[in-house]
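Reproduced below: run-v7.tsv, with TSV, C-alpha atoms.
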chain	number	residue	atom	x	y	z
A	1092	MET	CA	10.14	16.00	-9.22
A	1093	LYS	CA	13.65	14.61	-9.58
A	1094	GLN	CA	14.82	13.32	-12.90
A	1095	GLY	CA	16.34	9.94	-13.57
A	1096	LYS	CA	14.55	7.60	-15.91
A	1097	ILE	CA	13.24	4.34	-14.47
A	1098	ASN	CA	13.35	1.57	-17.06
A	1099	LYS	CA	13.04	-1.45	-14.78
A	1100	VAL	CA	10.76	-2.02	-11.80
A	1101	SER	CA	10.73	-5.00	-9.44
A	1102	ILE	CA	7.72	-5.59	-7.22
A	1103	CYS	CA	8.14	-7.66	-4.10
A	1104	GLY	CA	4.68	-9.07	-3.53
A	1105	CYS	CA	2.44	-9.55	-6.58
A	1106	GLY	CA	-0.79	-10.00	-4.69
A	1107	TRP	CA	-4.02	-7.99	-4.61
A	1108	LEU	CA	-2.23	-4.66	-5.19
A	1109	GLY	CA	1.13	-5.72	-6.60
A	1110	LEU	CA	-0.22	-7.81	-9.48
A	1111	PRO	CA	-2.38	-5.11	-11.13
A	1112	LEU	CA	0.54	-2.70	-10.63
A	1113	ALA	CA	2.91	-5.12	-12.39
A	1114	GLU	CA	0.42	-5.72	-15.19
A	1115	HIS	CA	-0.01	-1.99	-15.76
A	1116	LEU	CA	3.73	-1.31	-15.82
A	1117	ALA	CA	4.29	-4.17	-18.27
A	1118	GLN	CA	1.59	-2.74	-20.53
A	1119	LEU	CA	3.46	0.58	-20.49
A	1120	GLY	CA	6.52	-1.20	-21.87
A	1121	ILE	CA	8.53	-1.00	-18.65
A	1122	GLU	CA	10.66	-4.03	-17.83
A	1123	THR	CA	8.70	-5.46	-14.92
A	1124	TRP	CA	9.72	-8.13	-12.45
A	1125	GLY	CA	7.44	-9.55	-9.80
A	1126	SER	CA	7.74	-12.02	-6.96
A	1127	LYS	CA	5.43	-14.74	-5.71
A	1128	GLN	CA	6.15	-17.25	-2.98
A	1129	ALA	CA	5.37	-20.42	-4.96
A	1130	PRO	CA	7.40	-21.22	-8.13
A	1131	GLU	CA	4.27	-22.23	-10.07
A	1132	GLN	CA	2.65	-18.87	-9.23
A	1133	ALA	CA	5.78	-17.01	-10.27
A	1134	ASP	CA	5.82	-18.87	-13.59
A	1135	LYS	CA	2.26	-17.73	-14.33
A	1136	LEU	CA	3.34	-14.09	-14.21
A	1137	VAL	CA	4.97	-14.56	-17.60
A	1138	GLU	CA	1.49	-14.72	-19.14
A	1139	GLN	CA	1.02	-11.05	-18.13
A	1140	GLY	CA	4.40	-10.01	-19.54
A	1141	ILE	CA	6.04	-10.02	-16.09
A	1142	HIS	CA	9.35	-11.66	-15.23
A	1143	GLY	CA	8.27	-13.91	-12.37
A	1144	VAL	CA	10.59	-14.82	-9.49
A	1145	ALA	CA	9.89	-17.29	-6.68
A	1146	LEU	CA	10.82	-15.45	-3.51
A	1147	SER	CA	9.93	-16.78	-0.09
A	1148	LEU	CA	10.83	-14.49	2.77
A	1149	PRO	CA	13.03	-14.76	4.68
A	1150	GLN	CA	14.20	-18.25	3.71
A	1151	THR	CA	15.34	-17.39	0.19
A	1152	LEU	CA	17.53	-14.50	1.27
A	1153	VAL	CA	19.23	-16.08	4.27
A	1154	HIS	CA	20.45	-19.10	2.33
A	1155	PRO	CA	22.99	-17.89	-0.29
A	1156	GLU	CA	22.72	-21.11	-2.30
A	1157	THR	CA	19.13	-20.20	-3.19
A	1158	LEU	CA	20.11	-16.87	-4.76
A	1159	THR	CA	19.74	-17.80	-8.41
A	1160	PRO	CA	20.80	-15.48	-11.24
A	1161	GLN	CA	17.12	-14.72	-11.70
A	1162	ILE	CA	16.80	-13.50	-8.12
A	1163	THR	CA	19.90	-11.31	-8.39
A	1164	GLN	CA	18.43	-9.83	-11.59
A	1165	PHE	CA	15.23	-9.09	-9.67
A	1166	PHE	CA	17.18	-6.96	-7.18
A	1167	ASP	CA	19.35	-5.28	-9.82
A	1168	THR	CA	16.64	-2.79	-10.65
A	1169	ASP	CA	15.93	0.91	-10.99
A	1170	LEU	CA	13.07	0.72	-8.49
A	1171	LEU	CA	12.10	-1.92	-5.95
A	1172	VAL	CA	8.52	-1.66	-4.71
A	1173	ILE	CA	8.26	-3.33	-1.32
A	1174	ASN	CA	4.68	-4.42	-0.91
A	1175	VAL	CA	4.82	-7.02	1.86
A	1176	PRO	CA	1.61	-7.22	3.91
A	1177	PRO	CA	1.94	-8.19	7.58
A	1178	GLY	CA	0.51	-11.46	8.77
A	1179	ARG	CA	-2.07	-11.71	11.52
A	1180	HIS	CA	-0.43	-14.37	13.63
A	1181	GLU	CA	1.45	-13.78	16.85
A	1182	GLY	CA	4.84	-12.26	16.15
A	1183	ALA	CA	3.80	-11.08	12.66
A	1184	ALA	CA	4.88	-7.48	13.28
A	1185	ASP	CA	8.40	-8.48	14.29
A	1186	GLU	CA	8.59	-10.82	11.29
A	1187	LEU	CA	7.60	-7.98	8.96
A	1188	VAL	CA	10.37	-5.75	10.30
A	1189	ALA	CA	12.96	-8.50	9.86
A	1190	LYS	CA	11.79	-9.37	6.34
A	1191	VAL	CA	11.82	-5.81	5.02
A	1192	LYS	CA	15.22	-5.02	6.54
A	1193	LEU	CA	16.57	-8.15	4.87
A	1194	LEU	CA	15.01	-7.10	1.57
A	1195	SER	CA	16.63	-3.68	1.87
A	1196	ALA	CA	20.08	-5.15	2.53
A	1197	THR	CA	19.75	-7.61	-0.35
A	1198	ALA	CA	18.59	-4.85	-2.71
A	1199	LYS	CA	21.63	-2.75	-1.83
A	1200	GLN	CA	23.91	-5.72	-2.34
A	1201	PHE	CA	22.71	-6.39	-5.88
A	1202	GLY	CA	22.49	-2.86	-7.20
A	1203	CYS	CA	18.97	-1.55	-6.61
A	1204	ARG	CA	18.83	2.21	-7.18
A	1205	ARG	CA	15.58	3.26	-5.47
A	1206	ILE	CA	13.02	1.94	-2.99
A	1207	ALA	CA	9.29	2.58	-2.67
A	1208	PHE	CA	7.87	1.22	0.58
A	1209	ILE	CA	4.12	0.65	0.68
A	1210	SER	CA	3.06	1.56	4.20
A	1211	THR	CA	-0.22	2.38	5.90
A	1212	THR	CA	-1.99	5.37	7.42
A	1213	ALA	CA	-2.34	3.19	10.52
A	1214	VAL	CA	0.95	4.81	11.55
A	1215	TYR	CA	-1.14	7.85	12.54
A	1216	GLY	CA	-2.95	5.83	15.19
A	1217	ASP	CA	-5.63	7.83	16.99
A	1218	CYS	CA	-4.59	11.25	15.67
A	1219	ASN	CA	-7.59	13.55	15.62
A	1220	GLY	CA	-8.81	15.99	13.01
A	1221	VAL	CA	-7.17	16.62	9.66
A	1222	VAL	CA	-3.97	14.65	9.10
A	1223	ASP	CA	-1.58	15.69	6.35
A	1224	GLU	CA	1.83	14.44	5.28
A	1225	SER	CA	3.59	16.51	7.96
A	1226	THR	CA	1.55	15.12	10.86
A	1227	VAL	CA	3.75	13.25	13.34
A	1228	PRO	CA	2.68	9.58	13.50
A	1229	HIS	CA	1.58	8.02	16.79
A	1230	PRO	CA	0.96	4.36	15.94
A	1231	ASN	CA	-1.03	2.42	18.54
A	1232	THR	CA	-1.11	-1.08	17.00
A	1233	LEU	CA	1.67	-3.61	16.51
A	1234	SER	CA	1.32	-3.36	12.73
A	1235	GLY	CA	1.31	0.44	12.79
A	1236	LYS	CA	4.42	0.50	15.00
A	1237	ALA	CA	6.21	-2.00	12.75
A	1238	HIS	CA	5.44	0.01	9.61
A	1239	TYR	CA	6.59	3.25	11.22
A	1240	GLU	CA	9.85	1.62	12.35
A	1241	LEU	CA	10.45	0.39	8.80
A	1242	GLU	CA	9.66	3.77	7.31
A	1243	GLN	CA	12.33	5.41	9.43
A	1244	TYR	CA	14.81	2.64	8.77
A	1245	LEU	CA	14.44	2.78	4.98
A	1246	LEU	CA	14.52	6.58	4.86
A	1247	ASP	CA	17.74	6.53	6.88
A	1248	GLU	CA	19.29	3.76	4.78
A	1249	TRP	CA	18.36	5.08	1.33
A	1250	GLY	CA	18.09	8.84	1.82
A	1251	SER	CA	16.48	10.66	-1.08
A	1252	GLU	CA	16.29	7.39	-3.06
A	1253	ALA	CA	13.50	6.08	-0.82
A	1254	VAL	CA	9.84	7.05	-0.82
A	1255	VAL	CA	7.23	5.95	1.70
A	1256	LEU	CA	3.64	5.72	0.48
A	1257	ARG	CA	1.08	5.36	3.26
A	1258	LEU	CA	-2.22	3.92	2.04
A	1259	SER	CA	-5.58	4.36	3.73
A	1260	GLY	CA	-8.13	1.56	3.94
A	1261	LEU	CA	-8.02	-0.34	0.66
A	1262	ILE	CA	-11.12	-1.02	-1.41
A	1263	GLY	CA	-11.52	-2.53	-4.86
A	1264	PRO	CA	-12.21	-5.85	-6.57
A	1265	ASN	CA	-13.03	-8.59	-4.04
A	1266	ARG	CA	-12.03	-6.34	-1.16
A	1267	HIS	CA	-14.47	-4.18	0.74
A	1268	PRO	CA	-14.90	-3.89	4.51
A	1269	VAL	CA	-18.71	-3.78	4.19
A	1270	ARG	CA	-18.59	-7.57	3.88
A	1271	PHE	CA	-17.36	-7.81	7.47
A	1272	LEU	CA	-19.76	-5.22	8.89
A	1273	SER	CA	-22.88	-6.40	7.06
A	1274	GLY	CA	-25.60	-7.52	9.49
A	1275	ARG	CA	-23.59	-6.72	12.60
A	1276	GLN	CA	-25.35	-5.10	15.55
A	1277	GLY	CA	-24.21	-2.53	18.08
A	1278	ILE	CA	-21.30	-1.08	16.07
A	1279	GLU	CA	-19.72	1.89	17.83
A	1280	ASN	CA	-18.30	5.20	16.56
A	1281	GLY	CA	-20.65	5.43	13.60
A	1282	LYS	CA	-20.09	9.17	13.33
A	1283	ASP	CA	-16.35	8.76	12.70
A	1284	LYS	CA	-15.17	9.54	9.18
A	1285	VAL	CA	-13.91	6.86	6.78
A	1286	ASN	CA	-10.48	7.04	5.13
A	1287	LEU	CA	-10.43	4.82	2.07
A	1288	ILE	CA	-8.59	4.56	-1.25
A	1289	HIS	CA	-9.31	2.46	-4.33
A	1290	GLN	CA	-6.86	-0.10	-5.65
A	1291	GLN	CA	-6.60	1.55	-9.07
A	1292	ASP	CA	-5.78	4.95	-7.55
A	1293	CYS	CA	-2.98	3.28	-5.58
A	1294	VAL	CA	-1.66	1.77	-8.81
A	1295	ALA	CA	-1.81	5.15	-10.53
A	1296	ALA	CA	0.12	6.80	-7.70
A	1297	ILE	CA	2.92	4.24	-7.80
A	1298	VAL	CA	3.12	4.55	-11.58
A	1299	GLN	CA	3.62	8.29	-11.11
A	1300	LEU	CA	6.72	7.51	-9.04
A	1301	VAL	CA	8.09	5.76	-12.12
A	1302	HIS	CA	7.37	8.74	-14.36
A	1303	GLY	CA	8.93	11.27	-11.98
A	1304	TRP	CA	10.63	10.69	-8.62
A	1305	PRO	CA	9.22	13.16	-6.07
A	1306	ARG	CA	11.39	15.35	-3.88
A	1307	GLU	CA	9.11	14.62	-0.94
A	1308	ARG	CA	9.93	11.37	0.87
A	1309	VAL	CA	6.68	10.68	2.74
A	1310	LEU	CA	3.39	10.52	0.83
A	1311	HIS	CA	-0.05	9.22	1.66
A	1312	LEU	CA	-3.29	8.45	-0.14
A	1313	ALA	CA	-6.96	8.74	0.74
A	1314	SER	CA	-10.05	9.75	-1.14
A	1315	PRO	CA	-11.13	13.34	-0.39
A	1316	ASP	CA	-14.62	11.95	0.31
A	1317	HIS	CA	-15.03	11.22	4.04
A	1318	PRO	CA	-18.61	10.24	4.88
A	1319	SER	CA	-19.37	8.88	8.32
A	1320	ARG	CA	-18.94	5.15	8.93
A	1321	GLU	CA	-22.67	4.79	9.54
A	1322	VAL	CA	-23.72	6.55	6.35
A	1323	TYR	CA	-21.08	4.91	4.20
A	1324	TYR	CA	-21.37	1.30	5.29
A	1325	ARG	CA	-25.15	1.27	5.42
A	1326	GLN	CA	-25.30	2.68	1.88
A	1327	MET	CA	-22.67	0.22	0.63
A	1328	ALA	CA	-24.58	-2.70	2.18
A	1329	GLN	CA	-27.78	-1.52	0.56
A	1330	MET	CA	-26.12	-1.17	-2.84
A	1331	ALA	CA	-24.65	-4.67	-2.52
A	1332	GLY	CA	-27.91	-6.22	-1.37
A	1333	LEU	CA	-26.43	-7.19	2.00
A	1334	PRO	CA	-28.02	-6.97	5.47
A	1335	LEU	CA	-27.49	-3.49	6.85
A	1336	PRO	CA	-25.05	-2.97	9.72
A	1337	GLU	CA	-26.59	-1.36	12.80
A	1338	PHE	CA	-24.72	1.35	14.68
A	1339	VAL	CA	-25.38	2.48	18.23
A	1340	ASP	CA	-26.04	6.15	18.93
A	1341	SER	CA	-22.76	7.97	19.35
A	1342	VAL	CA	-21.51	11.51	19.59
A	1343	GLU	CA	-19.62	13.04	16.68
A	1344	ARG	CA	-15.92	13.10	17.51
A	1345	ASN	CA	-13.06	14.99	15.92
A	1346	SER	CA	-12.05	11.77	14.18
A	1347	LYS	CA	-9.06	11.30	11.90
A	1348	VAL	CA	-9.41	12.63	8.34
A	1349	ILE	CA	-6.55	11.88	5.96
A	1350	ASP	CA	-5.93	14.86	3.66
A	1351	ALA	CA	-3.87	13.70	0.67
A	1352	SER	CA	-4.15	16.90	-1.37
A	1353	LYS	CA	-0.41	17.64	-1.10
A	1354	THR	CA	0.53	14.16	-2.30
A	1355	LEU	CA	-1.85	14.44	-5.24
A	1356	ASP	CA	-0.24	17.76	-6.13
A	1357	TRP	CA	3.30	16.42	-5.76
A	1358	LEU	CA	2.48	13.45	-7.99
A	1359	SER	CA	0.35	15.46	-10.47
A	1360	LEU	CA	-2.32	12.85	-9.81
A	1361	THR	CA	-6.10	13.07	-10.12
A	1362	LEU	CA	-7.98	10.31	-8.35
A	1363	ARG	CA	-10.34	8.28	-10.47
A	1364	TYR	CA	-12.39	7.00	-7.54
A	1365	ASP	CA	-12.84	10.11	-5.42
A	1366	GLN	CA	-16.56	9.90	-4.65
A	1367	LEU	CA	-16.98	6.95	-2.33
A	1368	LEU	CA	-20.75	7.13	-1.93
A	1369	LYS	CA	-21.20	6.78	-5.69
A	1370	LEU	CA	-18.91	3.78	-5.95
A	1371	ALA	CA	-20.65	0.43	-5.61
A	1372	PRO	CA	-18.71	-2.11	-3.54
A	1373	GLU	CA	-16.86	-4.55	-5.80
A	1374	LEU	CA	-17.53	-7.72	-3.88

The structure given in the file should be rewritten as structure tokens.
Amino acid sequence: MKQGKINKVSICGCGWLGLPLAEHLAQLGIETWGSKQAPEQADKLVEQGIHGVALSLPQTLVHPETLTPQITQFFDTDLLVINVPPGRHEGAADELVAKVKLLSATAKQFGCRRIAFISTTAVYGDCNGVVDESTVPHPNTLSGKAHYELEQYLLDEWGSEAVVLRLSGLIGPNRHPVRFLSGRQGIENGKDKVNLIHQQDCVAAIVQLVHGWPRERVLHLASPDHPSREVYYRQMAQMAGLPLPEFVDSVERNSKVIDASKTLDWLSLTLRYDQLLKLAPEL
């Protein structure tokens, strides 16, 4: 890992993942800044020891008169974590690309030293078999294509001072896909493997970037436990007391399996939630 102490971290997007990350960093005594869209939500971050900034993309950054001293302080940071989820409306992928490129330019303008871009393993698309950090992405969705475009852009713009962290399907408090599959009938591809990662393991991985900047520029995360979709979601529904999802008979394919063992080694990270079938869904 490269040296260079990180004393200040700014997190663009203090939502489901960004907020617990900001809270954890603040507890470690790191100067932590976080953004929310609404001013009243940004003000509440102070209660968790976080310097809150109201930042609405892209409006705030394209109107210079809205760049308050607080916002310029937000971007004058040792590490900017870009955690901007894409919307689901038409044109959302193009909007995401424009927003993140604008964030990158603004960060450079006000003195940011390093960038961590939270991406997704959706960039691998329909890759088959074991996928590691060297696998060439083949995104097949608008979101996957947008994320892959941004990865390449940021790596080109920031060089060794940028890291891309691709996250598998996210699970954790108030977020579990079993809620959407519960009770459904005729679900296909039940033999395919799941690729999931817990919120707290994502937080721990990003914190490791603060403790020691890796030499590797592209990382990804997934639990080493890859049960089939049918086994996993039926067991999760049963544990949660939900109607079981029903899968149609299907052949076992050479489905995608995200192997994150290299990333865990590079970050000196041990996953806390590595046995998915033993982890009750936190609904």

Q.
When you count all atoms listed in the file, which of these residues is closest to A:Ser1210: A:Leu1258, A:Leu1374, A:Ala1113, A:Met1327?
A.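 Of the candidates, the smallest distance to A:Ser1210 is held by A:Leu1258.
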
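Distance check against A:Thr1212 using all atoms listed in the file: of A:Leu1312, A:Asn1174, A:Ser1225, A:Ser1273, the minimum falls on A:Leu1312.
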
**Q.** Point-to-point distance from atom CA of A:Lys1369 to atom CA of A:Asp1316, Å rounded to tenths
**A.**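 So the answer is 10.3 Å.
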
Q: Tell me, as a VMD selection string, which residues lie within 12 Å of A:Lys1199, counting only C-alpha atoms; anything in the same chain fewer than 2 positions away does not count.
A: chain A and resid 1163 1165 to 1171 1192 to 1197 1201 to 1206 1245 1248 to 1249 1252

(Q) Between atom CA of A:Pro1268 and atom CA of A:Leu1300, what is the distance in Å, rounded to a tenth? (A) 27.9 Å

Q) What does the distance from atom CA of A:Lys1099 to atom CA of A:Gln1291 come to in Å, to one decimal? A) 20.7 Å

Q | Surrounding residues of A:Asn1345 excluding itself and chain neighbours under 5 positions, 12 Å, all atoms listed in the file, as a ChimeraX atom specification | A | /A:1217-1222,1280,1282-1284,1319

Q.
So that I can see what lies close to A:Lys1096, please list as a list in words the residues with an atom at most 10 Å from it, counting all atoms listed in the file and leaving out residues fewer than 4 positions away in the same chain.
A. Asp1169, Val1301, His1302, Gly1303 and Trp1304 of chain A

Can I get a file of stretch 1174-1292 of chain A from the given structure, C-alpha atoms kept, as a tab-separated table (two decimals), in the first residue's frame?
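What ended up in decode-v1.tsv:
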chain	number	residue	atom	x	y	z
A	1174	ASN	CA	-21.09	7.52	-3.76
A	1175	VAL	CA	-23.80	8.76	-6.13
A	1176	PRO	CA	-26.43	6.12	-6.94
A	1177	PRO	CA	-28.06	6.27	-10.38
A	1178	GLY	CA	-31.72	7.10	-10.66
A	1179	ARG	CA	-34.23	4.82	-12.33
A	1180	HIS	CA	-35.91	7.33	-14.58
A	1181	GLU	CA	-35.33	7.72	-18.29
A	1182	GLY	CA	-31.99	9.38	-18.95
A	1183	ALA	CA	-30.67	8.53	-15.46
A	1184	ALA	CA	-27.50	6.88	-16.77
A	1185	ASP	CA	-26.51	9.93	-18.81
A	1186	GLU	CA	-27.27	12.16	-15.82
A	1187	LEU	CA	-25.01	10.05	-13.61
A	1188	VAL	CA	-22.11	10.41	-16.03
A	1189	ALA	CA	-22.55	14.18	-16.21
A	1190	LYS	CA	-22.84	14.56	-12.43
A	1191	VAL	CA	-19.74	12.54	-11.58
A	1192	LYS	CA	-17.61	14.24	-14.23
A	1193	LEU	CA	-18.70	17.58	-12.80
A	1194	LEU	CA	-17.84	16.39	-9.29
A	1195	SER	CA	-14.40	15.33	-10.49
A	1196	ALA	CA	-13.69	18.70	-12.12
A	1197	THR	CA	-14.89	20.60	-9.05
A	1198	ALA	CA	-12.78	18.43	-6.75
A	1199	LYS	CA	-9.68	19.14	-8.82
A	1200	GLN	CA	-10.46	22.84	-8.80
A	1201	PHE	CA	-10.60	23.09	-5.01
A	1202	GLY	CA	-7.67	20.90	-4.08
A	1203	CYS	CA	-8.90	17.33	-3.58
A	1204	ARG	CA	-5.97	14.91	-3.39
A	1205	ARG	CA	-7.58	11.50	-4.00
A	1206	ILE	CA	-10.81	9.99	-5.32
A	1207	ALA	CA	-12.59	6.75	-4.42
A	1208	PHE	CA	-15.41	5.94	-6.83
A	1209	ILE	CA	-18.06	3.53	-5.60
A	1210	SER	CA	-19.03	1.47	-8.62
A	1211	THR	CA	-20.83	-1.82	-9.19
A	1212	THR	CA	-20.04	-5.35	-10.33
A	1213	ALA	CA	-22.82	-4.80	-12.88
A	1214	VAL	CA	-19.98	-3.62	-15.13
A	1215	TYR	CA	-19.19	-7.32	-15.66
A	1216	GLY	CA	-22.55	-7.86	-17.31
A	1217	ASP	CA	-23.14	-11.49	-18.30
A	1218	CYS	CA	-19.56	-12.66	-17.78
A	1219	ASN	CA	-19.55	-16.36	-16.96
A	1220	GLY	CA	-17.64	-18.32	-14.36
A	1221	VAL	CA	-15.21	-16.86	-11.85
A	1222	VAL	CA	-14.68	-13.12	-12.20
A	1223	ASP	CA	-11.69	-11.49	-10.55
A	1224	GLU	CA	-10.32	-7.96	-10.58
A	1225	SER	CA	-8.52	-8.52	-13.90
A	1226	THR	CA	-11.63	-9.69	-15.77
A	1227	VAL	CA	-12.49	-7.34	-18.64
A	1228	PRO	CA	-15.94	-5.80	-18.04
A	1229	HIS	CA	-18.74	-6.24	-20.57
A	1230	PRO	CA	-21.62	-4.17	-19.19
A	1231	ASN	CA	-25.01	-4.90	-20.73
A	1232	THR	CA	-27.25	-2.40	-18.90
A	1233	LEU	CA	-27.40	1.38	-19.11
A	1234	SER	CA	-26.29	1.70	-15.49
A	1235	GLY	CA	-23.44	-0.77	-15.95
A	1236	LYS	CA	-22.24	1.06	-19.07
A	1237	ALA	CA	-22.42	4.43	-17.31
A	1238	HIS	CA	-20.42	3.17	-14.33
A	1239	TYR	CA	-17.77	1.63	-16.56
A	1240	GLU	CA	-17.44	4.86	-18.55
A	1241	LEU	CA	-16.98	6.79	-15.31
A	1242	GLU	CA	-14.43	4.32	-14.00
A	1243	GLN	CA	-12.26	4.81	-17.07
A	1244	TYR	CA	-12.72	8.56	-16.99
A	1245	LEU	CA	-11.71	8.94	-13.34
A	1246	LEU	CA	-8.75	6.57	-13.65
A	1247	ASP	CA	-7.51	8.58	-16.63
A	1248	GLU	CA	-8.07	11.93	-14.89
A	1249	TRP	CA	-6.60	11.06	-11.49
A	1250	GLY	CA	-4.06	8.34	-12.26
A	1251	SER	CA	-2.76	6.54	-9.19
A	1252	GLU	CA	-4.76	8.90	-6.93
A	1253	ALA	CA	-8.04	7.24	-7.94
A	1254	VAL	CA	-9.44	3.91	-6.81
A	1255	VAL	CA	-12.54	2.20	-8.16
A	1256	LEU	CA	-14.44	-0.06	-5.78
A	1257	ARG	CA	-17.04	-2.26	-7.47
A	1258	LEU	CA	-19.68	-3.53	-5.06
A	1259	SER	CA	-21.80	-6.62	-5.56
A	1260	GLY	CA	-25.47	-6.74	-4.59
A	1261	LEU	CA	-25.88	-4.80	-1.37
A	1262	ILE	CA	-27.58	-6.25	1.70
A	1263	GLY	CA	-27.94	-4.90	5.22
A	1264	PRO	CA	-30.34	-2.93	7.39
A	1265	ASN	CA	-33.64	-2.26	5.59
A	1266	ARG	CA	-32.21	-3.54	2.34
A	1267	HIS	CA	-32.56	-7.10	1.15
A	1268	PRO	CA	-33.71	-8.34	-2.26
A	1269	VAL	CA	-35.75	-11.16	-0.68
A	1270	ARG	CA	-38.46	-8.56	-0.04
A	1271	PHE	CA	-38.98	-8.20	-3.78
A	1272	LEU	CA	-38.85	-11.93	-4.57
A	1273	SER	CA	-41.02	-13.12	-1.68
A	1274	GLY	CA	-44.17	-14.87	-2.90
A	1275	ARG	CA	-43.32	-14.51	-6.58
A	1276	GLN	CA	-43.99	-17.43	-8.91
A	1277	GLY	CA	-42.13	-18.74	-11.94
A	1278	ILE	CA	-38.75	-17.13	-11.20
A	1279	GLU	CA	-36.09	-18.22	-13.69
A	1280	ASN	CA	-32.39	-19.06	-13.33
A	1281	GLY	CA	-32.71	-20.37	-9.79
A	1282	LYS	CA	-29.47	-22.32	-10.12
A	1283	ASP	CA	-27.41	-19.16	-10.76
A	1284	LYS	CA	-25.09	-18.11	-7.95
A	1285	VAL	CA	-25.68	-14.99	-5.85
A	1286	ASN	CA	-23.05	-12.25	-5.49
A	1287	LEU	CA	-23.79	-10.18	-2.41
A	1288	ILE	CA	-21.93	-8.01	0.10
A	1289	HIS	CA	-23.03	-6.59	3.44
A	1290	GLN	CA	-23.15	-2.87	4.11
A	1291	GLN	CA	-20.73	-3.08	7.06
A	1292	ASP	CA	-18.14	-4.96	5.00
